[in-house]
$ cat query_1.cif   # mmCIF, C-alpha atoms and all ligand atoms
data_entry
#
loop_
_atom_site.label_atom_id
_atom_site.label_comp_id
_atom_site.auth_asym_id
_atom_site.auth_seq_id
_atom_site.Cartn_x
_atom_site.Cartn_y
_atom_site.Cartn_z
CA MET A 1343 19.43 88.09 104.82
CA LYS A 1344 23.20 87.87 105.35
CA LYS A 1345 23.88 86.90 108.97
CA ASN A 1346 26.87 87.35 111.24
CA LEU A 1347 28.58 84.40 112.92
CA GLU A 1348 26.83 84.93 116.28
CA THR A 1349 23.42 84.77 114.60
CA LEU A 1350 24.43 81.73 112.54
CA CYS A 1351 25.48 79.91 115.74
CA ILE A 1352 21.85 80.16 116.87
CA HIS A 1353 19.83 80.20 113.65
CA GLY A 1354 22.04 78.40 111.09
CA GLY A 1355 20.78 75.06 109.76
CA TRP A 1356 17.35 74.46 111.31
CA ARG A 1357 14.76 77.05 110.25
CA PRO A 1358 11.41 76.11 111.79
CA THR A 1359 8.24 77.23 110.08
CA LYS A 1360 4.71 77.64 111.50
CA GLY A 1361 4.01 75.21 114.35
CA GLN A 1362 7.37 73.43 114.07
CA PRO A 1363 9.59 72.92 117.14
CA GLN A 1364 11.84 75.82 117.99
CA GLN A 1365 14.66 73.40 118.87
CA LEU A 1366 16.17 71.09 116.23
CA PRO A 1367 14.20 67.80 116.28
CA ILE A 1368 16.13 64.54 116.78
CA ILE A 1369 15.05 62.32 113.89
CA GLN A 1370 16.38 59.14 115.46
CA SER A 1371 15.26 56.86 112.64
CA THR A 1372 17.36 54.67 110.39
CA THR A 1373 14.89 54.83 107.56
CA PHE A 1374 12.05 56.83 105.96
CA LYS A 1375 8.69 55.63 104.63
CA TYR A 1376 7.24 56.00 101.12
CA ASP A 1377 3.78 55.12 99.84
CA THR A 1378 4.66 53.60 96.49
CA SER A 1379 7.64 51.75 95.15
CA GLU A 1380 7.72 54.26 92.28
CA GLN A 1381 8.38 57.09 94.79
CA MET A 1382 11.29 55.16 96.26
CA ALA A 1383 12.68 54.26 92.81
CA ARG A 1384 12.78 57.94 91.83
CA LEU A 1385 15.04 58.63 94.83
CA PHE A 1386 17.43 55.89 93.80
CA ASP A 1387 17.47 57.18 90.22
CA LEU A 1388 18.43 60.60 91.63
CA GLU A 1389 15.35 62.08 89.95
CA GLU A 1390 14.01 63.36 93.25
CA GLU A 1391 15.61 64.41 96.51
CA GLY A 1392 14.47 62.79 99.73
CA TYR A 1393 15.58 60.82 102.73
CA PHE A 1394 15.74 57.06 102.54
CA TYR A 1395 18.49 55.78 104.83
CA THR A 1396 20.32 57.63 107.61
CA ARG A 1397 23.78 56.45 106.56
CA LEU A 1398 23.35 58.63 103.46
CA ALA A 1399 21.30 61.48 104.85
CA ASN A 1400 19.30 62.36 107.95
CA PRO A 1401 17.41 65.60 108.65
CA THR A 1402 19.03 66.23 112.07
CA ASN A 1403 22.53 65.57 110.75
CA ASP A 1404 21.88 67.68 107.66
CA ALA A 1405 20.70 70.68 109.69
CA VAL A 1406 23.86 70.64 111.82
CA ALA A 1407 26.05 70.20 108.73
CA ALA A 1408 24.29 73.22 107.20
CA LYS A 1409 25.07 75.30 110.30
CA ILE A 1410 28.78 74.39 110.24
CA ASN A 1411 28.85 75.02 106.50
CA ALA A 1412 27.39 78.49 107.03
CA LEU A 1413 29.85 79.26 109.85
CA GLU A 1414 32.84 78.33 107.66
CA GLY A 1415 31.38 79.98 104.54
CA GLY A 1416 31.47 76.77 102.48
CA VAL A 1417 29.33 75.28 99.72
CA GLY A 1418 28.86 71.87 101.32
CA CYS A 1419 29.51 70.03 104.58
CA MET A 1420 29.39 66.41 105.69
CA LEU A 1421 29.40 65.31 109.32
CA THR A 1422 31.32 62.25 110.45
CA SER A 1423 31.33 60.17 113.61
CA SER A 1424 34.73 61.53 114.72
CA GLY A 1425 37.43 64.02 113.81
CA GLN A 1426 39.65 61.10 112.81
CA ALA A 1427 37.05 60.00 110.25
CA ALA A 1428 36.78 63.60 108.98
CA ASN A 1429 40.52 63.90 108.30
CA PHE A 1430 40.67 60.43 106.75
CA TYR A 1431 37.70 61.08 104.45
CA ALA A 1432 38.90 64.58 103.50
CA VAL A 1433 42.16 63.14 102.12
CA PHE A 1434 40.82 59.78 100.91
CA ASN A 1435 38.16 61.57 98.81
CA ILE A 1436 40.94 62.74 96.45
CA CYS A 1437 43.76 60.22 97.06
CA GLN A 1438 43.92 56.57 96.13
CA ALA A 1439 46.58 53.85 96.24
CA GLY A 1440 49.70 55.12 94.47
CA ASP A 1441 49.01 58.76 95.37
CA HIS A 1442 50.89 60.99 97.76
CA PHE A 1443 50.18 64.06 99.88
CA VAL A 1444 52.18 66.61 101.85
CA THR A 1445 51.36 67.37 105.46
CA SER A 1446 52.66 69.63 108.17
CA SER A 1447 54.39 67.60 110.87
CA ASN A 1448 52.87 69.86 113.56
CA ILE A 1449 49.57 68.03 113.83
CA TYR A 1450 47.55 66.04 116.35
CA GLY A 1451 49.19 62.68 117.24
CA GLY A 1452 46.19 60.66 116.02
CA THR A 1453 46.29 62.37 112.63
CA TYR A 1454 50.08 61.91 112.49
CA ASN A 1455 49.61 58.19 112.99
CA LEU A 1456 46.71 57.99 110.51
CA PHE A 1457 48.79 59.70 107.81
CA GLY A 1458 52.19 58.22 108.64
CA VAL A 1459 51.18 54.60 109.28
CA THR A 1460 47.60 53.59 108.49
CA MET A 1461 47.14 55.41 105.18
CA LYS A 1462 50.51 54.09 104.01
CA LYS A 1463 49.06 50.59 104.43
CA LEU A 1464 46.38 51.63 101.93
CA GLY A 1465 49.13 52.61 99.47
CA ILE A 1466 48.77 56.36 100.07
CA ASP A 1467 52.16 57.88 100.80
CA SER A 1468 52.78 61.16 102.64
CA THR A 1469 55.68 63.50 103.33
CA PHE A 1470 55.82 65.40 106.62
CA ILE A 1471 57.24 68.90 106.30
CA ASP A 1472 58.26 71.33 109.02
CA PRO A 1473 56.19 74.48 108.39
CA ASP A 1474 59.23 76.55 109.42
CA TRP A 1475 61.13 75.36 106.32
CA ASP A 1476 61.55 77.91 103.53
CA ASP A 1477 59.33 77.77 100.42
CA ASP A 1478 61.86 75.95 98.24
CA ARG A 1479 62.42 73.20 100.77
CA ILE A 1480 58.64 72.71 101.07
CA ARG A 1481 58.19 72.80 97.27
CA ALA A 1482 60.71 69.95 97.04
CA ALA A 1483 58.31 67.71 99.00
CA PHE A 1484 55.70 67.85 96.21
CA ARG A 1485 55.75 65.08 93.61
CA PRO A 1486 53.82 64.57 90.34
CA ASN A 1487 51.42 62.23 92.22
CA THR A 1488 50.85 64.66 95.15
CA LYS A 1489 47.13 65.33 95.64
CA CYS A 1490 46.83 67.72 98.60
CA PHE A 1491 48.57 69.65 101.36
CA PHE A 1492 47.37 69.37 104.99
CA GLY A 1493 47.88 71.40 108.18
CA GLU A 1494 46.16 72.53 111.43
CA THR A 1495 45.28 76.21 111.95
CA ILE A 1496 46.61 75.89 115.51
CA SER A 1497 48.45 72.65 116.10
CA ASN A 1498 47.52 70.23 118.86
CA PRO A 1499 49.30 70.14 121.27
CA GLY A 1500 52.14 72.53 120.38
CA GLY A 1501 49.96 75.58 119.65
CA ASN A 1502 51.90 76.48 116.48
CA VAL A 1503 50.03 78.70 114.01
CA PHE A 1504 49.82 77.54 110.38
CA ASP A 1505 50.52 80.27 107.81
CA ILE A 1506 47.40 79.47 105.77
CA GLU A 1507 47.90 82.09 103.05
CA ARG A 1508 51.47 80.99 102.40
CA PHE A 1509 50.64 77.28 102.33
CA ALA A 1510 47.59 77.87 100.10
CA ARG A 1511 49.92 79.59 97.65
CA LEU A 1512 52.39 76.67 97.72
CA ALA A 1513 49.59 74.10 97.34
CA HIS A 1514 48.01 75.97 94.43
CA GLU A 1515 51.38 76.39 92.70
CA ALA A 1516 51.55 72.58 92.76
CA GLY A 1517 47.96 72.31 91.47
CA VAL A 1518 46.52 70.73 94.63
CA PRO A 1519 44.05 71.86 97.32
CA LEU A 1520 44.98 72.95 100.84
CA ILE A 1521 43.10 71.10 103.60
CA VAL A 1522 43.08 72.84 106.99
CA ASP A 1523 41.98 71.26 110.26
CA ASN A 1524 40.35 74.25 111.97
CA THR A 1525 39.39 72.47 115.20
CA PHE A 1526 41.21 74.72 117.69
CA ALA A 1527 40.50 78.13 116.14
CA THR A 1528 36.89 77.34 115.12
CA PRO A 1529 35.23 79.57 112.51
CA ILE A 1530 34.55 82.10 115.27
CA ASN A 1531 38.25 83.00 115.37
CA CYS A 1532 39.49 82.00 111.92
CA ARG A 1533 37.81 81.19 108.61
CA PRO A 1534 40.53 79.45 106.55
CA PHE A 1535 38.62 79.86 103.25
CA GLU A 1536 39.16 83.61 103.50
CA TRP A 1537 42.90 82.92 103.36
CA GLY A 1538 42.87 80.52 100.42
CA ALA A 1539 42.28 77.12 102.06
CA ASP A 1540 40.07 74.86 99.93
CA ILE A 1541 38.75 72.33 102.42
CA VAL A 1542 38.31 72.61 106.17
CA THR A 1543 37.97 69.76 108.67
CA HIS A 1544 36.93 69.68 112.31
CA SER A 1545 36.95 67.45 115.29
CA THR A 1546 33.55 68.71 116.50
CA THR A 1547 34.33 66.81 119.71
CA LYS A 1548 36.23 69.93 120.82
CA TYR A 1549 35.04 73.56 121.08
CA MET A 1550 32.09 73.09 118.72
CA ASP A 1551 30.56 70.67 121.21
CA GLY A 1552 32.37 72.21 124.15
CA HIS A 1553 30.72 70.11 126.87
CA ALA A 1554 32.36 66.71 126.30
CA THR A 1555 29.11 65.06 125.22
CA GLN A 1556 29.79 63.64 121.76
CA VAL A 1557 32.66 62.59 119.49
CA GLY A 1558 32.21 63.93 115.97
CA GLY A 1559 33.76 65.48 112.91
CA ALA A 1560 32.96 67.65 109.92
CA ILE A 1561 34.37 68.33 106.45
CA VAL A 1562 33.51 71.59 104.69
CA ASP A 1563 34.29 72.41 101.06
CA SER A 1564 34.85 75.99 99.89
CA GLY A 1565 33.86 75.04 96.34
CA ASN A 1566 36.84 77.07 95.14
CA PHE A 1567 39.23 74.39 93.93
CA ASP A 1568 39.00 73.83 90.17
CA TRP A 1569 39.12 70.03 89.94
CA ASP A 1570 38.54 70.05 86.18
CA LYS A 1571 41.60 72.24 85.62
CA TYR A 1572 43.69 69.38 87.02
CA ALA A 1573 41.39 66.64 85.73
CA ASP A 1574 44.19 64.08 85.33
CA LYS A 1575 45.14 64.42 88.99
CA PHE A 1576 41.61 63.90 90.31
CA PRO A 1577 39.99 61.16 88.19
CA GLY A 1578 37.72 60.22 91.10
CA LEU A 1579 35.94 63.57 90.64
CA THR A 1580 36.39 64.18 86.93
CA THR A 1581 35.65 60.76 85.32
CA PRO A 1582 32.49 58.63 85.57
CA ASP A 1583 31.90 56.76 88.85
CA GLU A 1584 30.55 53.39 87.76
CA SER A 1585 29.41 52.72 91.32
CA TYR A 1586 27.22 55.82 91.20
CA HIS A 1587 25.11 55.72 88.03
CA GLY A 1588 28.19 56.44 85.86
CA LEU A 1589 27.98 60.09 86.91
CA THR A 1590 30.97 62.40 86.75
CA TYR A 1591 30.85 64.41 89.98
CA THR A 1592 32.26 67.67 88.59
CA LYS A 1593 29.90 67.61 85.60
CA ALA A 1594 26.80 66.55 87.48
CA PHE A 1595 27.27 68.55 90.68
CA GLY A 1596 29.57 71.51 89.88
CA LYS A 1597 30.73 73.15 93.10
CA GLN A 1598 29.05 70.35 95.09
CA ALA A 1599 31.29 67.71 93.45
CA TYR A 1600 33.65 67.11 96.37
CA THR A 1601 30.89 66.94 99.01
CA THR A 1602 28.60 64.79 96.86
CA LYS A 1603 31.41 62.28 96.35
CA LEU A 1604 32.10 62.27 100.09
CA VAL A 1605 28.51 61.33 100.85
CA ALA A 1606 27.53 59.26 97.84
CA GLN A 1607 30.70 57.19 97.68
CA LEU A 1608 32.73 57.31 100.90
CA MET A 1609 29.92 57.51 103.42
CA ARG A 1610 27.89 54.98 101.47
CA ASP A 1611 30.80 52.51 101.52
CA LEU A 1612 32.58 53.28 104.80
CA GLY A 1613 29.68 54.54 106.88
CA SER A 1614 31.07 56.61 109.78
CA ILE A 1615 27.97 58.74 110.35
CA PRO A 1616 27.15 60.51 113.59
CA SER A 1617 23.98 59.45 115.36
CA PRO A 1618 21.21 62.09 115.13
CA GLN A 1619 21.25 62.23 118.95
CA ASN A 1620 24.93 63.23 118.84
CA SER A 1621 24.25 65.84 116.18
CA PHE A 1622 21.56 67.31 118.41
CA LEU A 1623 24.08 67.62 121.27
CA LEU A 1624 26.62 69.15 118.90
CA ASN A 1625 24.03 71.68 117.80
CA LEU A 1626 23.39 72.73 121.40
CA GLY A 1627 27.11 73.35 121.77
CA LEU A 1628 27.24 75.36 118.55
CA GLU A 1629 24.52 77.68 119.86
CA THR A 1630 26.98 79.14 122.39
CA LEU A 1631 30.25 78.67 120.48
CA HIS A 1632 30.72 82.42 119.95
CA LEU A 1633 30.30 83.19 123.67
CA ARG A 1634 32.46 80.36 124.88
CA MET A 1635 35.33 81.06 122.46
CA GLN A 1636 35.53 84.64 123.68
CA ARG A 1637 35.76 83.50 127.34
CA HIS A 1638 38.23 80.68 126.55
CA CYS A 1639 40.53 83.19 124.86
CA GLU A 1640 40.27 85.83 127.62
CA ASN A 1641 40.95 83.23 130.33
CA ALA A 1642 43.82 81.61 128.42
CA GLN A 1643 45.46 84.97 127.82
CA ARG A 1644 45.40 85.73 131.59
CA VAL A 1645 46.67 82.26 132.49
CA ALA A 1646 49.45 82.37 129.85
CA GLU A 1647 50.62 85.76 131.15
CA TRP A 1648 50.61 84.41 134.71
CA LEU A 1649 52.55 81.28 133.70
CA GLU A 1650 55.11 83.34 131.82
CA LYS A 1651 55.92 85.34 134.97
CA ASN A 1652 56.01 82.27 137.23
CA PRO A 1653 59.56 81.29 138.35
CA LYS A 1654 58.58 77.59 138.46
CA VAL A 1655 57.75 77.61 134.74
CA ALA A 1656 60.50 76.88 132.21
CA TRP A 1657 58.68 77.96 129.05
CA VAL A 1658 55.20 78.85 127.73
CA ASN A 1659 53.88 78.59 124.17
CA TYR A 1660 50.68 80.53 123.62
CA CYS A 1661 50.30 82.45 120.39
CA GLY A 1662 48.53 85.30 122.22
CA LEU A 1663 51.78 86.16 124.07
CA PRO A 1664 53.97 88.76 122.33
CA SER A 1665 56.96 86.52 123.19
CA SER A 1666 55.53 83.70 121.05
CA LYS A 1667 57.19 82.88 117.76
CA TYR A 1668 53.65 82.68 116.35
CA TYR A 1669 52.34 85.99 117.76
CA ALA A 1670 52.45 87.85 114.41
CA LEU A 1671 50.72 84.99 112.58
CA ALA A 1672 48.08 84.77 115.31
CA GLN A 1673 47.43 88.52 115.05
CA LYS A 1674 47.05 88.16 111.28
CA TYR A 1675 44.76 85.13 111.19
CA MET A 1676 43.02 85.40 114.59
CA PRO A 1677 42.86 89.02 115.72
CA LYS A 1678 39.88 88.29 118.03
CA GLY A 1679 41.78 85.55 119.90
CA SER A 1680 43.10 82.10 119.07
CA CYS A 1681 41.95 79.37 121.46
CA GLY A 1682 42.17 78.29 125.10
CA VAL A 1683 44.99 75.78 124.72
CA ILE A 1684 48.39 76.61 126.21
CA ALA A 1685 51.53 74.47 126.06
CA PHE A 1686 54.08 74.91 128.84
CA GLY A 1687 56.90 73.14 130.64
CA LEU A 1688 57.77 73.19 134.33
CA LYS A 1689 61.31 73.54 135.62
CA GLY A 1690 62.35 70.22 137.14
CA THR A 1691 61.95 66.62 136.17
CA ARG A 1692 59.27 64.71 134.30
CA GLU A 1693 58.13 63.40 137.72
CA ASP A 1694 57.64 67.00 138.92
CA ALA A 1695 55.27 67.58 136.01
CA ILE A 1696 53.32 64.46 136.91
CA ARG A 1697 53.19 65.44 140.63
CA PHE A 1698 51.90 68.89 139.62
CA MET A 1699 49.07 67.38 137.59
CA ASP A 1700 48.14 64.89 140.32
CA ARG A 1701 47.74 67.72 142.88
CA LEU A 1702 45.30 69.83 140.90
CA ASP A 1703 41.88 70.30 142.47
CA PHE A 1704 39.08 71.01 139.95
CA VAL A 1705 41.41 71.23 136.96
CA SER A 1706 41.20 67.66 135.72
CA ILE A 1707 43.58 65.24 134.02
CA ALA A 1708 41.64 64.30 130.91
CA THR A 1709 42.28 62.95 127.44
CA HIS A 1710 40.36 65.85 126.13
CA VAL A 1711 40.88 69.43 125.18
CA ALA A 1712 38.89 72.48 124.12
CA ASP A 1713 36.11 71.98 126.64
CA ALA A 1714 34.22 74.19 129.13
CA ARG A 1715 36.18 72.53 131.97
CA THR A 1716 39.87 73.31 132.42
CA CYS A 1717 41.96 70.19 131.93
CA VAL A 1718 45.59 69.10 131.58
CA LEU A 1719 47.42 66.36 129.78
CA HIS A 1720 51.03 65.26 129.38
CA PRO A 1721 51.10 64.23 125.69
CA ALA A 1722 54.40 62.31 125.92
CA SER A 1723 52.85 59.93 128.46
CA HIS A 1724 49.24 60.09 127.23
CA THR A 1725 47.97 60.96 123.71
CA HIS A 1726 51.33 60.78 121.93
CA ARG A 1727 52.85 57.83 123.79
CA GLN A 1728 53.01 55.76 120.57
CA LEU A 1729 55.49 58.26 119.06
CA SER A 1730 59.25 57.95 119.42
CA ASP A 1731 61.24 60.89 120.85
CA GLU A 1732 62.22 61.88 117.32
CA GLN A 1733 58.61 61.75 116.12
CA LEU A 1734 57.58 63.74 119.19
CA ARG A 1735 60.05 66.47 118.30
CA GLU A 1736 58.87 66.40 114.65
CA ALA A 1737 55.30 66.85 115.86
CA GLY A 1738 56.43 69.87 117.89
CA VAL A 1739 55.92 68.07 121.22
CA ALA A 1740 58.64 68.55 123.83
CA PRO A 1741 58.85 65.62 126.30
CA ASP A 1742 58.14 68.01 129.22
CA LEU A 1743 55.18 69.67 127.44
CA ILE A 1744 52.04 70.01 129.56
CA ARG A 1745 48.94 70.81 127.54
CA LEU A 1746 46.63 73.06 129.52
CA SER A 1747 43.19 73.53 128.04
CA VAL A 1748 41.78 76.60 129.76
CA GLY A 1749 38.04 76.39 130.34
CA ILE A 1750 35.38 78.99 131.02
CA GLU A 1751 35.41 78.86 134.83
CA ASN A 1752 36.40 81.95 136.87
CA VAL A 1753 39.96 82.71 135.77
CA ASP A 1754 41.15 83.58 139.29
CA ASP A 1755 40.02 80.13 140.45
CA ILE A 1756 41.94 78.49 137.59
CA ILE A 1757 45.12 80.38 138.52
CA THR A 1758 44.66 79.57 142.23
CA ASP A 1759 44.37 75.86 141.42
CA LEU A 1760 47.51 75.90 139.25
CA GLU A 1761 49.37 77.86 141.93
CA GLN A 1762 48.51 75.51 144.79
CA ALA A 1763 49.45 72.45 142.71
CA MET A 1764 52.80 73.99 141.78
CA ALA A 1765 53.42 74.83 145.44
N1 LIG A 1801 42.08 67.09 114.81
C1 LIG A 1801 42.52 67.71 115.92
C2 LIG A 1801 43.18 69.05 115.80
C3 LIG A 1801 42.36 67.11 117.17
O1 LIG A 1801 42.78 67.76 118.26
C4 LIG A 1801 41.74 65.84 117.25
C5 LIG A 1801 41.56 65.16 118.55
O2 LIG A 1801 42.07 65.58 119.56
C6 LIG A 1801 41.32 65.23 116.07
C7 LIG A 1801 41.48 65.87 114.87
C8 LIG A 1801 40.66 63.89 116.11
O3 LIG A 1801 39.34 64.08 116.51
P1 LIG A 1801 38.42 63.00 117.28
O4 LIG A 1801 39.05 62.77 118.61
O5 LIG A 1801 37.10 63.66 117.32
O6 LIG A 1801 38.41 61.76 116.44
#

$ encode --input "query_1.cif" --output "structure tokens"
Amino acid sequence: MKKNLETLCIHGGWRPTKGQPQQLPIIQSTTFKYDTSEQMARLFDLEEEGYFYTRLANPTNDAVAAKINALEGGVGCMLTSSGQAANFYAVFNICQAGDHFVTSSNIYGGTYNLFGVTMKKLGIDSTFIDPDWDDDRIRAAFRPNTKCFFGETISNPGGNVFDIERFARLAHEAGVPLIVDNTFATPINCRPFEWGADIVTHSTTKYMDGHATQVGGAIVDSGNFDWDKYADKFPGLTTPDESYHGLTYTKAFGKQAYTTKLVAQLMRDLGSIPSPQNSFLLNLGLETLHLRMQRHCENAQRVAEWLEKNPKVAWVNYCGLPSSKYYALAQKYMPKGSCGVIAFGLKGTREDAIRFMDRLDFVSIATHVADARTCVLHPASHTHRQLSDEQLREAGVAPDLIRLSVGIENVDDIITDLEQAMA
């Protein structure tokens, strides 16, 4: 039976049968037993499916991956131990030394650093584009060795909305897939595959978990990108992998090619798996994702409207406000609501912003976002402090930007706390 998102949040992934636990079991075991060596050999020869080592597959992790896959409408999903690992693997699965990719500059600071510094050390070059540039200027960033285009549905921390349909068109014109980090919108509010994105990533640390209990990531493949059509660009998927029985992923696995390579090659060799215990916690969060997202968006809308009218506030960026440059895009891609994260600046000095944050009561200063608890952060002095002023501006982060992640507490209490701290 076809199920709606709310039902998938509860019933996706783990489907207990007679006498099995109602709640997803935590299979906290590194390994799995077989009775004969022949049985085990058949697994290694890929003649039979089965679990043998948790780095490659684990029943708890697989059930949660299946739920996220169903929520995004993909054909395959792999969980990782963090959102950073998810974004690295998503790109590294199709890029090798000598390759290049194009990325929006409006992305999370950690991803900016991963792409702009660390991946360059591996010989993978990238070009940052401003999504506000016109099509021709963006097209000029693509090179013959470009392998993908990357952006965030709603950027962290700026809150800019990525025009998925437009960037999917530009990526496909260049014969490469569009990868979208859908962490802030979540599949409850936006399903990037419906707008042409090919691969979706998540930091499941954020709304999907929602209770600050685990750090995790996910990569979901739509199965829509035709790797064989551009076989020369993607030899890792379209030519035999000698380290994996000489199989050619696209021939042997069809629409599962990208995900199978992720697991069988990258996870096997690099090994950033989540612990089954963490996947269990993530699954608990996913069970209420649809309810929490609705409340986050309602609360954030009220708080953003209040901030906008407040004489102590210099500016507010929340794509749910009609005054936002991204309002029309938000209405198109996220008509039910976007997320709970608001960016704003106070009138006054940088010290005033810091004093405001220090005087908050239950609203906490935390290196975290997209959580049940309301929290604030000053990216220029916290998460993004490794970036220069120029890089900050490129990443859409004003030096006075305060990132307010509106939680699911009573909204009047949230506003009262902000008001007393501003006073
Ligand atoms: N992507 C986005 C949009 C994020 O906000 C973050 C972290 O804040 C990440 C990726 C990295 O995720 P993690 O902290 O789980 O490694």

$ residues_near_ligand --input "query_1.cif" --ligand "ligand LIG 1801 (chain A)" --cutoff "9 Å" --atoms "only C-alpha atoms and all ligand atoms" --output "ChimeraX atom specification"
/A:1423-1429,1449-1453,1494-1499,1523-1526,1543-1548,1556-1559,1709-1712,1725

$ axis_aligned_box --input "query_1.cif" --around "region 1726-1729 of chain A" --padding-each-side "5 Å" --output "JSON"
{"center_x": 53.4, "center_y": 58.3, "center_z": 121.4, "size_x": 14.2, "size_y": 15.0, "size_z": 14.7}

$ residues_around --input "query_1.cif" --residues "Cys1717 (chain A)" --least-positions-apart "2" --cutoff "8 Å" --atoms "all atoms listed in the file" --output "JSON, numbers by chain"
{"A": [1705, 1706, 1707, 1708, 1710, 1711, 1715, 1719, 1746, 1747, 1748, 1749]}

$ atom_distance --input "query_1.cif" --atom1 "CA of Arg1637 (chain A)" --atom2 "CA of Asp1754 (chain A)"
13.1 Å

$ residues_around --input "query_1.cif" --residues "Ile1369 (chain A)" --least-positions-apart "2" --cutoff "12 Å" --atoms "only C-alpha atoms" --output "MDAnalysis selection string"
chainID A and resid 1366:1367 1371:1374 1393 1395:1396 1399:1405 1617:1622

$ atom_distance --input "query_1.cif" --atom1 "CA of Ile1684 (chain A)" --atom2 "CA of Gly1458 (chain A)"
25.7 Å

$ atom_distance --input "query_1.cif" --atom1 "CA of Leu1398 (chain A)" --atom2 "CA of Thr1349 (chain A)"
28.4 Å

$ residues_around --input "query_1.cif" --residues "Ala1573 (chain A)" --least-positions-apart "3" --cutoff "12 Å" --atoms "all atoms listed in the file" --output "PyMOL selection string"
chain A and resi 1436+1489+1517-1518+1567-1570+1576-1582+1590-1593

$ write_last_selection --input "query_1.cif" --atoms "C-alpha atoms" --output "PDB file, keeping the file's coordinate frame"
ATOM      1  CA  ILE A1436      40.940  62.740  96.450  1.00  0.00           C
ATOM      2  CA  LYS A1489      47.130  65.330  95.640  1.00  0.00           C
ATOM      3  CA  GLY A1517      47.960  72.310  91.470  1.00  0.00           C
ATOM      4  CA  VAL A1518      46.520  70.730  94.630  1.00  0.00           C
ATOM      5  CA  PHE A1567      39.230  74.390  93.930  1.00  0.00           C
ATOM      6  CA  ASP A1568      39.000  73.830  90.170  1.00  0.00           C
ATOM      7  CA  TRP A1569      39.120  70.030  89.940  1.00  0.00           C
ATOM      8  CA  ASP A1570      38.540  70.050  86.180  1.00  0.00           C
ATOM      9  CA  PHE A1576      41.610  63.900  90.310  1.00  0.00           C
ATOM     10  CA  PRO A1577      39.990  61.160  88.190  1.00  0.00           C
ATOM     11  CA  GLY A1578      37.720  60.220  91.100  1.00  0.00           C
ATOM     12  CA  LEU A1579      35.940  63.570  90.640  1.00  0.00           C
ATOM     13  CA  THR A1580      36.390  64.180  86.930  1.00  0.00           C
ATOM     14  CA  THR A1581      35.650  60.760  85.320  1.00  0.00           C
ATOM     15  CA  PRO A1582      32.490  58.630  85.570  1.00  0.00           C
ATOM     16  CA  THR A1590      30.970  62.400  86.750  1.00  0.00           C
ATOM     17  CA  TYR A1591      30.850  64.410  89.980  1.00  0.00           C
ATOM     18  CA  THR A1592      32.260  67.670  88.590  1.00  0.00           C
ATOM     19  CA  LYS A1593      29.900  67.610  85.600  1.00  0.00           C
TER      20      LYS A1593
END
